[in-house]
$ cat my_file.cif   # mmCIF, C-alpha atoms; chains and numbers go by the auth columns
data_structure
loop_
_atom_site.group_PDB
_atom_site.id
_atom_site.type_symbol
_atom_site.label_atom_id
_atom_site.label_comp_id
_atom_site.label_asym_id
_atom_site.label_seq_id
_atom_site.Cartn_x
_atom_site.Cartn_y
_atom_site.Cartn_z
_atom_site.B_iso_or_equiv
_atom_site.auth_seq_id
_atom_site.auth_asym_id
ATOM 1 C CA GLN A 1 198.640 46.668 -299.246 0.00 1 D
ATOM 2 C CA LEU A 2 195.915 44.102 -298.652 0.00 2 D
ATOM 3 C CA VAL A 3 192.854 44.962 -296.621 0.00 3 D
ATOM 4 C CA GLU A 4 190.339 42.229 -295.851 0.00 4 D
ATOM 5 C CA SER A 5 186.872 42.864 -294.454 0.00 5 D
ATOM 6 C CA GLY A 6 183.440 41.347 -294.085 0.00 6 D
ATOM 7 C CA GLY A 7 184.045 38.731 -291.431 0.00 7 D
ATOM 8 C CA GLY A 8 181.922 38.261 -288.356 0.00 8 D
ATOM 9 C CA LEU A 9 180.015 35.855 -286.165 0.00 9 D
ATOM 10 C CA VAL A 10 177.398 33.760 -287.902 0.00 10 D
ATOM 11 C CA GLN A 11 175.389 30.670 -287.076 0.00 11 D
ATOM 12 C CA ALA A 12 175.985 27.416 -288.902 0.00 12 D
ATOM 13 C CA GLY A 13 174.178 27.471 -292.221 0.00 13 D
ATOM 14 C CA GLY A 14 174.585 31.214 -292.579 0.00 14 D
ATOM 15 C CA SER A 15 176.401 33.293 -295.159 0.00 15 D
ATOM 16 C CA LEU A 16 179.072 35.958 -295.298 0.00 16 D
ATOM 17 C CA ARG A 17 180.737 37.901 -298.069 0.00 17 D
ATOM 18 C CA LEU A 18 184.383 38.758 -297.632 0.00 18 D
ATOM 19 C CA SER A 19 186.125 41.555 -299.494 0.00 19 D
ATOM 20 C CA CYS A 20 189.787 42.163 -300.170 0.00 20 D
ATOM 21 C CA LYS A 21 191.149 45.418 -301.499 0.00 21 D
ATOM 22 C CA ALA A 22 194.546 45.394 -303.132 0.00 22 D
ATOM 23 C CA ALA A 23 194.797 49.105 -302.548 0.00 23 D
ATOM 24 C CA ARG A 24 198.295 49.855 -303.712 0.00 24 D
ATOM 25 C CA SER A 25 198.728 47.330 -306.469 0.00 25 D
ATOM 26 C CA ILE A 26 198.868 48.736 -309.937 0.00 26 D
ATOM 27 C CA THR A 27 196.212 47.554 -312.336 0.00 27 D
ATOM 28 C CA SER A 28 198.576 45.512 -314.488 0.00 28 D
ATOM 29 C CA PHE A 29 199.841 43.677 -311.415 0.00 29 D
ATOM 30 C CA PHE A 30 196.325 42.957 -310.233 0.00 30 D
ATOM 31 C CA ASN A 31 195.141 41.772 -313.619 0.00 31 D
ATOM 32 C CA GLY A 32 198.260 39.746 -314.349 0.00 32 D
ATOM 33 C CA ASN A 33 198.126 37.656 -311.204 0.00 33 D
ATOM 34 C CA SER A 34 196.019 34.852 -309.889 0.00 34 D
ATOM 35 C CA TRP A 35 194.496 35.597 -306.514 0.00 35 D
ATOM 36 C CA GLY A 36 193.469 33.441 -303.634 0.00 36 D
ATOM 37 C CA TRP A 37 191.620 33.425 -300.385 0.00 37 D
ATOM 38 C CA TYR A 38 193.428 31.668 -297.575 0.00 38 D
ATOM 39 C CA ARG A 39 192.421 30.841 -294.047 0.00 39 D
ATOM 40 C CA GLN A 40 194.178 29.990 -290.839 0.00 40 D
ATOM 41 C CA ALA A 41 192.396 28.300 -287.992 0.00 41 D
ATOM 42 C CA PRO A 42 193.854 28.310 -284.473 0.00 42 D
ATOM 43 C CA GLY A 43 196.764 25.918 -284.209 0.00 43 D
ATOM 44 C CA LYS A 44 196.726 25.146 -287.919 0.00 44 D
ATOM 45 C CA GLN A 45 198.726 26.246 -290.919 0.00 45 D
ATOM 46 C CA ARG A 46 197.332 28.729 -293.370 0.00 46 D
ATOM 47 C CA GLU A 47 195.583 26.995 -296.248 0.00 47 D
ATOM 48 C CA LEU A 48 194.369 28.079 -299.661 0.00 48 D
ATOM 49 C CA VAL A 49 190.596 27.698 -299.983 0.00 49 D
ATOM 50 C CA ALA A 50 189.764 29.434 -303.265 0.00 50 D
ATOM 51 C CA SER A 51 191.601 30.887 -306.230 0.00 51 D
ATOM 52 C CA ILE A 52 190.833 32.885 -309.356 0.00 52 D
ATOM 53 C CA THR A 53 193.124 33.293 -312.329 0.00 53 D
ATOM 54 C CA SER A 54 193.662 36.282 -314.563 0.00 54 D
ATOM 55 C CA ASP A 55 191.094 34.870 -316.973 0.00 55 D
ATOM 56 C CA ARG A 56 188.660 34.218 -314.107 0.00 56 D
ATOM 57 C CA SER A 57 189.028 30.463 -313.892 0.00 57 D
ATOM 58 C CA THR A 58 188.305 29.373 -310.339 0.00 58 D
ATOM 59 C CA ASP A 59 189.314 26.499 -308.113 0.00 59 D
ATOM 60 C CA TYR A 60 188.350 25.474 -304.604 0.00 60 D
ATOM 61 C CA ALA A 61 189.528 23.280 -301.812 0.00 61 D
ATOM 62 C CA ASP A 62 187.376 20.196 -301.456 0.00 62 D
ATOM 63 C CA SER A 63 186.255 21.364 -298.033 0.00 63 D
ATOM 64 C CA VAL A 64 184.530 24.457 -299.455 0.00 64 D
ATOM 65 C CA LYS A 65 183.568 23.353 -302.953 0.00 65 D
ATOM 66 C CA GLY A 66 179.940 24.084 -303.694 0.00 66 D
ATOM 67 C CA ARG A 67 179.652 26.470 -300.742 0.00 67 D
ATOM 68 C CA PHE A 68 182.179 29.232 -301.481 0.00 68 D
ATOM 69 C CA THR A 69 182.464 31.404 -304.586 0.00 69 D
ATOM 70 C CA ILE A 70 185.441 33.594 -305.406 0.00 70 D
ATOM 71 C CA SER A 71 185.153 36.566 -307.721 0.00 71 D
ATOM 72 C CA LYS A 72 186.993 39.757 -308.537 0.00 72 D
ATOM 73 C CA ASP A 73 186.421 43.276 -309.778 0.00 73 D
ATOM 74 C CA SER A 74 189.500 44.291 -311.736 0.00 74 D
ATOM 75 C CA ALA A 75 188.462 47.926 -312.045 0.00 75 D
ATOM 76 C CA LYS A 76 188.249 48.237 -308.262 0.00 76 D
ATOM 77 C CA LYS A 77 191.123 45.850 -307.589 0.00 77 D
ATOM 78 C CA MET A 78 188.886 43.870 -305.269 0.00 78 D
ATOM 79 C CA VAL A 79 188.636 40.143 -304.643 0.00 79 D
ATOM 80 C CA TYR A 80 185.539 38.668 -303.008 0.00 80 D
ATOM 81 C CA LEU A 81 184.607 35.427 -301.310 0.00 81 D
ATOM 82 C CA GLN A 82 180.941 34.576 -300.996 0.00 82 D
ATOM 83 C CA MET A 83 180.544 31.946 -298.316 0.00 83 D
ATOM 84 C CA SER A 84 177.312 30.026 -297.838 0.00 84 D
ATOM 85 C CA SER A 85 176.205 27.040 -295.775 0.00 85 D
ATOM 86 C CA LEU A 86 178.895 27.902 -293.279 0.00 86 D
ATOM 87 C CA LYS A 87 180.077 25.247 -290.856 0.00 87 D
ATOM 88 C CA PRO A 88 181.844 25.575 -287.503 0.00 88 D
ATOM 89 C CA GLU A 89 184.972 24.170 -289.140 0.00 89 D
ATOM 90 C CA ASP A 90 185.072 27.235 -291.394 0.00 90 D
ATOM 91 C CA THR A 91 186.005 29.300 -288.358 0.00 91 D
ATOM 92 C CA ALA A 92 189.339 30.966 -289.098 0.00 92 D
ATOM 93 C CA VAL A 93 191.046 34.204 -289.999 0.00 93 D
ATOM 94 C CA TYR A 94 190.677 34.728 -293.728 0.00 94 D
ATOM 95 C CA TYR A 95 193.310 36.413 -295.872 0.00 95 D
ATOM 96 C CA CYS A 96 193.770 37.201 -299.517 0.00 96 D
ATOM 97 C CA ASN A 97 196.969 37.334 -301.529 0.00 97 D
ATOM 98 C CA THR A 98 198.275 36.391 -304.925 0.00 98 D
ATOM 99 C CA LEU A 99 198.860 32.683 -305.475 0.00 99 D
ATOM 100 C CA LYS A 100 202.570 33.483 -305.374 0.00 100 D
ATOM 101 C CA GLU A 101 201.962 35.091 -301.959 0.00 101 D
ATOM 102 C CA SER A 102 203.896 38.019 -303.357 0.00 102 D
ATOM 103 C CA LEU A 103 202.390 40.756 -301.211 0.00 103 D
ATOM 104 C CA ASN A 104 202.704 41.366 -297.498 0.00 104 D
ATOM 105 C CA TRP A 105 199.865 39.690 -295.668 0.00 105 D
ATOM 106 C CA GLY A 106 197.085 41.897 -294.384 0.00 106 D
ATOM 107 C CA GLN A 107 195.443 41.699 -290.991 0.00 107 D
ATOM 108 C CA GLY A 108 192.868 39.250 -292.232 0.00 108 D
ATOM 109 C CA THR A 109 189.220 39.115 -291.231 0.00 109 D
ATOM 110 C CA GLN A 110 187.889 36.821 -288.529 0.00 110 D
ATOM 111 C CA VAL A 111 185.071 34.435 -289.400 0.00 111 D
ATOM 112 C CA THR A 112 183.453 32.620 -286.522 0.00 112 D
ATOM 113 C CA VAL A 113 180.718 30.067 -287.154 0.00 113 D
ATOM 114 C CA SER A 114 178.730 28.900 -284.149 0.00 114 D
ATOM 115 C CA ALA A 115 177.059 25.503 -284.040 0.00 115 D
#
$ encode --input "my_file.cif" --output "structure tokens"
Amino acid sequence: QLVESGGGLVQAGGSLRLSCKAARSITSFFNGNSWGWYRQAPGKQRELVASITSDRSTDYADSVKGRFTISKDSAKKMVYLQMSSLKPEDTAVYYCNTLKESLNWGQGTQVTVSA
């Protein structure tokens, strides 16, 4: 139900834009939920890095604040994560889901930042 894309290999200081399509969610479900981008680095637990509420309020983990921007397109049922000033420590598999983690996790998209 969740399809993430847009990851890749980038040098430190570079940018990427991740996309997440909630393909099978009905519009009312998409609009009525808060959504988040999560990441999981090797050997670490999955962590929430950015969130956006139904009224488009956003919040960020301290580690990405000022560098990442979350947004959504309700008509397309898409959630985006614009990542700038990337650091090697941002290397992880990135996932999206509701803040309740109510959908099955997708495959994620790998982001690798080289020093």
$ resolve_selection --input "my_file.cif" --expression "the PyMOL selection byres ((chain D and resi 73-90) around 6)" --output "short mmCIF file (atom, residue, chain, number, x, y, z; two decimals) with C-alpha atoms, keeping the file's coordinate frame"
data_model
loop_
_atom_site.label_atom_id
_atom_site.label_comp_id
_atom_site.auth_asym_id
_atom_site.auth_seq_id
_atom_site.Cartn_x
_atom_site.Cartn_y
_atom_site.Cartn_z
CA ALA D 12 175.98 27.42 -288.90
CA GLY D 13 174.18 27.47 -292.22
CA GLY D 14 174.58 31.21 -292.58
CA SER D 15 176.40 33.29 -295.16
CA LEU D 16 179.07 35.96 -295.30
CA ARG D 17 180.74 37.90 -298.07
CA LEU D 18 184.38 38.76 -297.63
CA SER D 19 186.12 41.56 -299.49
CA CYS D 20 189.79 42.16 -300.17
CA LYS D 21 191.15 45.42 -301.50
CA ALA D 22 194.55 45.39 -303.13
CA ARG D 67 179.65 26.47 -300.74
CA PHE D 68 182.18 29.23 -301.48
CA THR D 69 182.46 31.40 -304.59
CA ILE D 70 185.44 33.59 -305.41
CA SER D 71 185.15 36.57 -307.72
CA LYS D 72 186.99 39.76 -308.54
CA THR D 91 186.00 29.30 -288.36
CA VAL D 113 180.72 30.07 -287.15
CA SER D 114 178.73 28.90 -284.15
CA ALA D 115 177.06 25.50 -284.04
#
$ closest_residue --input "my_file.cif" --among "D:Leu48, D:Asn104, D:Val111, D:Thr53" --to "D:Ser34" --atoms "only C-alpha atoms"
D:Thr53
$ residues_around --input "my_file.cif" --residues "D:Arg39" --least-positions-apart "3" --cutoff "6 Å" --atoms "only C-alpha atoms" --output "VMD selection string"
chain D and resid 46 to 47 92 to 95
$ atom_distance --input "my_file.cif" --atom1 "atom CA of D:Ser54" --atom2 "atom CA of D:Gln110"
26.7 Å
$ resolve_selection --input "my_file.cif" --expression "the PyMOL selection byres ((chain D and resi 33) around 9)" --output "list in words"
Ser28, Phe29, Phe30, Asn31, Gly32, Ser34, Trp35, Ile52, Thr53, Ser54, Thr98, Leu99 and Lys100 of chain D
$ write_last_selection --input "my_file.cif" --atoms "C-alpha atoms" --output "CSV table (one decimal), in the frame of the given file"
chain,number,residue,atom,x,y,z
D,28,SER,CA,198.6,45.5,-314.5
D,29,PHE,CA,199.8,43.7,-311.4
D,30,PHE,CA,196.3,43.0,-310.2
D,31,ASN,CA,195.1,41.8,-313.6
D,32,GLY,CA,198.3,39.7,-314.3
D,34,SER,CA,196.0,34.9,-309.9
D,35,TRP,CA,194.5,35.6,-306.5
D,52,ILE,CA,190.8,32.9,-309.4
D,53,THR,CA,193.1,33.3,-312.3
D,54,SER,CA,193.7,36.3,-314.6
D,98,THR,CA,198.3,36.4,-304.9
D,99,LEU,CA,198.9,32.7,-305.5
D,100,LYS,CA,202.6,33.5,-305.4
$ closest_residue --input "my_file.cif" --among "D:Ser51, D:Gln1, D:Ser63, D:Thr112" --to "D:Tyr38" --atoms "all atoms listed in the file"
D:Ser51
$ atom_distance --input "my_file.cif" --atom1 "atom CA of D:Trp105" --atom2 "atom CA of D:Trp37"
11.4 Å
$ decode --input "my_file.cif" --residues "stretch 18-29 of chain D" --atoms "all heavy atoms" --output "PDB file, in the first residue's frame"
ATOM      1  N   LEU D  18      12.431  12.584  -1.646  1.00  0.00           N
ATOM      2  CA  LEU D  18      11.770  11.293  -1.541  1.00  0.00           C
ATOM      3  C   LEU D  18      10.272  11.455  -1.750  1.00  0.00           C
ATOM      4  O   LEU D  18       9.691  12.478  -1.373  1.00  0.00           O
ATOM      5  CB  LEU D  18      12.021  10.665  -0.171  1.00  0.00           C
ATOM      6  CG  LEU D  18      13.482  10.525   0.271  1.00  0.00           C
ATOM      7  CD1 LEU D  18      13.547   9.797   1.603  1.00  0.00           C
ATOM      8  CD2 LEU D  18      14.320   9.840  -0.781  1.00  0.00           C
ATOM      9  N   SER D  19       9.672  10.418  -2.336  1.00  0.00           N
ATOM     10  CA  SER D  19       8.233  10.415  -2.565  1.00  0.00           C
ATOM     11  C   SER D  19       7.625   9.162  -1.971  1.00  0.00           C
ATOM     12  O   SER D  19       8.248   8.098  -1.978  1.00  0.00           O
ATOM     13  CB  SER D  19       7.935  10.456  -4.065  1.00  0.00           C
ATOM     14  OG  SER D  19       8.429  11.629  -4.657  1.00  0.00           O
ATOM     15  N   CYS D  20       6.420   9.280  -1.500  1.00  0.00           N
ATOM     16  CA  CYS D  20       5.692   8.137  -0.954  1.00  0.00           C
ATOM     17  C   CYS D  20       4.271   8.187  -1.487  1.00  0.00           C
ATOM     18  O   CYS D  20       3.576   9.190  -1.328  1.00  0.00           O
ATOM     19  CB  CYS D  20       5.672   8.197   0.565  1.00  0.00           C
ATOM     20  SG  CYS D  20       4.536   7.018   1.340  1.00  0.00           S
ATOM     21  N   LYS D  21       3.873   7.099  -2.124  1.00  0.00           N
ATOM     22  CA  LYS D  21       2.514   7.028  -2.654  1.00  0.00           C
ATOM     23  C   LYS D  21       1.693   6.070  -1.801  1.00  0.00           C
ATOM     24  O   LYS D  21       2.063   4.901  -1.651  1.00  0.00           O
ATOM     25  CB  LYS D  21       2.515   6.564  -4.108  1.00  0.00           C
ATOM     26  CG  LYS D  21       1.130   6.609  -4.751  1.00  0.00           C
ATOM     27  CD  LYS D  21       1.209   6.435  -6.232  1.00  0.00           C
ATOM     28  CE  LYS D  21      -0.149   6.531  -6.889  1.00  0.00           C
ATOM     29  NZ  LYS D  21      -0.760   7.862  -6.706  1.00  0.00           N
ATOM     30  N   ALA D  22       0.628   6.579  -1.267  1.00  0.00           N
ATOM     31  CA  ALA D  22      -0.307   5.756  -0.502  1.00  0.00           C
ATOM     32  C   ALA D  22      -1.374   5.298  -1.476  1.00  0.00           C
ATOM     33  O   ALA D  22      -2.504   5.783  -1.471  1.00  0.00           O
ATOM     34  CB  ALA D  22      -0.900   6.550   0.642  1.00  0.00           C
ATOM     35  N   ALA D  23      -0.993   4.351  -2.311  1.00  0.00           N
ATOM     36  CA  ALA D  23      -1.756   4.023  -3.513  1.00  0.00           C
ATOM     37  C   ALA D  23      -3.176   3.556  -3.237  1.00  0.00           C
ATOM     38  O   ALA D  23      -4.113   3.929  -3.953  1.00  0.00           O
ATOM     39  CB  ALA D  23      -1.008   2.966  -4.323  1.00  0.00           C
ATOM     40  N   ARG D  24      -3.342   2.755  -2.217  1.00  0.00           N
ATOM     41  CA  ARG D  24      -4.646   2.131  -2.023  1.00  0.00           C
ATOM     42  C   ARG D  24      -5.461   2.764  -0.917  1.00  0.00           C
ATOM     43  O   ARG D  24      -6.558   2.306  -0.625  1.00  0.00           O
ATOM     44  CB  ARG D  24      -4.462   0.639  -1.738  1.00  0.00           C
ATOM     45  CG  ARG D  24      -3.831  -0.110  -2.907  1.00  0.00           C
ATOM     46  CD  ARG D  24      -3.738  -1.587  -2.628  1.00  0.00           C
ATOM     47  NE  ARG D  24      -3.072  -2.295  -3.713  1.00  0.00           N
ATOM     48  CZ  ARG D  24      -2.821  -3.602  -3.687  1.00  0.00           C
ATOM     49  NH1 ARG D  24      -3.187  -4.316  -2.640  1.00  0.00           N
ATOM     50  NH2 ARG D  24      -2.218  -4.169  -4.708  1.00  0.00           N
ATOM     51  N   SER D  25      -4.923   3.812  -0.307  1.00  0.00           N
ATOM     52  CA  SER D  25      -5.692   4.429   0.767  1.00  0.00           C
ATOM     53  C   SER D  25      -6.778   5.302   0.171  1.00  0.00           C
ATOM     54  O   SER D  25      -6.569   5.959  -0.857  1.00  0.00           O
ATOM     55  CB  SER D  25      -4.778   5.254   1.673  1.00  0.00           C
ATOM     56  OG  SER D  25      -4.265   6.359   0.991  1.00  0.00           O
ATOM     57  N   ILE D  26      -7.920   5.283   0.781  1.00  0.00           N
ATOM     58  CA  ILE D  26      -8.988   6.144   0.295  1.00  0.00           C
ATOM     59  C   ILE D  26      -8.707   7.577   0.740  1.00  0.00           C
ATOM     60  O   ILE D  26      -7.970   7.811   1.701  1.00  0.00           O
ATOM     61  CB  ILE D  26     -10.358   5.666   0.782  1.00  0.00           C
ATOM     62  CG1 ILE D  26     -10.447   5.679   2.314  1.00  0.00           C
ATOM     63  CG2 ILE D  26     -10.666   4.276   0.237  1.00  0.00           C
ATOM     64  CD1 ILE D  26     -11.814   5.323   2.857  1.00  0.00           C
ATOM     65  N   THR D  27      -9.260   8.507   0.017  1.00  0.00           N
ATOM     66  CA  THR D  27      -8.929   9.912   0.240  1.00  0.00           C
ATOM     67  C   THR D  27      -9.222  10.345   1.666  1.00  0.00           C
ATOM     68  O   THR D  27      -8.423  11.063   2.275  1.00  0.00           O
ATOM     69  CB  THR D  27      -9.702  10.783  -0.754  1.00  0.00           C
ATOM     70  OG1 THR D  27      -9.346  10.384  -2.079  1.00  0.00           O
ATOM     71  CG2 THR D  27      -9.354  12.254  -0.569  1.00  0.00           C
ATOM     72  N   SER D  28     -10.325   9.914   2.220  1.00  0.00           N
ATOM     73  CA  SER D  28     -10.681  10.332   3.578  1.00  0.00           C
ATOM     74  C   SER D  28      -9.677   9.795   4.587  1.00  0.00           C
ATOM     75  O   SER D  28      -9.358  10.473   5.569  1.00  0.00           O
ATOM     76  CB  SER D  28     -12.091   9.866   3.929  1.00  0.00           C
ATOM     77  OG  SER D  28     -12.188   8.458   3.829  1.00  0.00           O
ATOM     78  N   PHE D  29      -9.174   8.599   4.351  1.00  0.00           N
ATOM     79  CA  PHE D  29      -8.147   8.044   5.235  1.00  0.00           C
ATOM     80  C   PHE D  29      -6.870   8.860   5.126  1.00  0.00           C
ATOM     81  O   PHE D  29      -6.253   9.218   6.124  1.00  0.00           O
ATOM     82  CB  PHE D  29      -7.872   6.573   4.884  1.00  0.00           C
ATOM     83  CG  PHE D  29      -6.765   5.967   5.694  1.00  0.00           C
ATOM     84  CD1 PHE D  29      -7.027   5.384   6.924  1.00  0.00           C
ATOM     85  CD2 PHE D  29      -5.453   5.977   5.240  1.00  0.00           C
ATOM     86  CE1 PHE D  29      -6.011   4.829   7.677  1.00  0.00           C
ATOM     87  CE2 PHE D  29      -4.427   5.417   5.979  1.00  0.00           C
ATOM     88  CZ  PHE D  29      -4.704   4.851   7.208  1.00  0.00           C
TER      89      PHE D  29
END
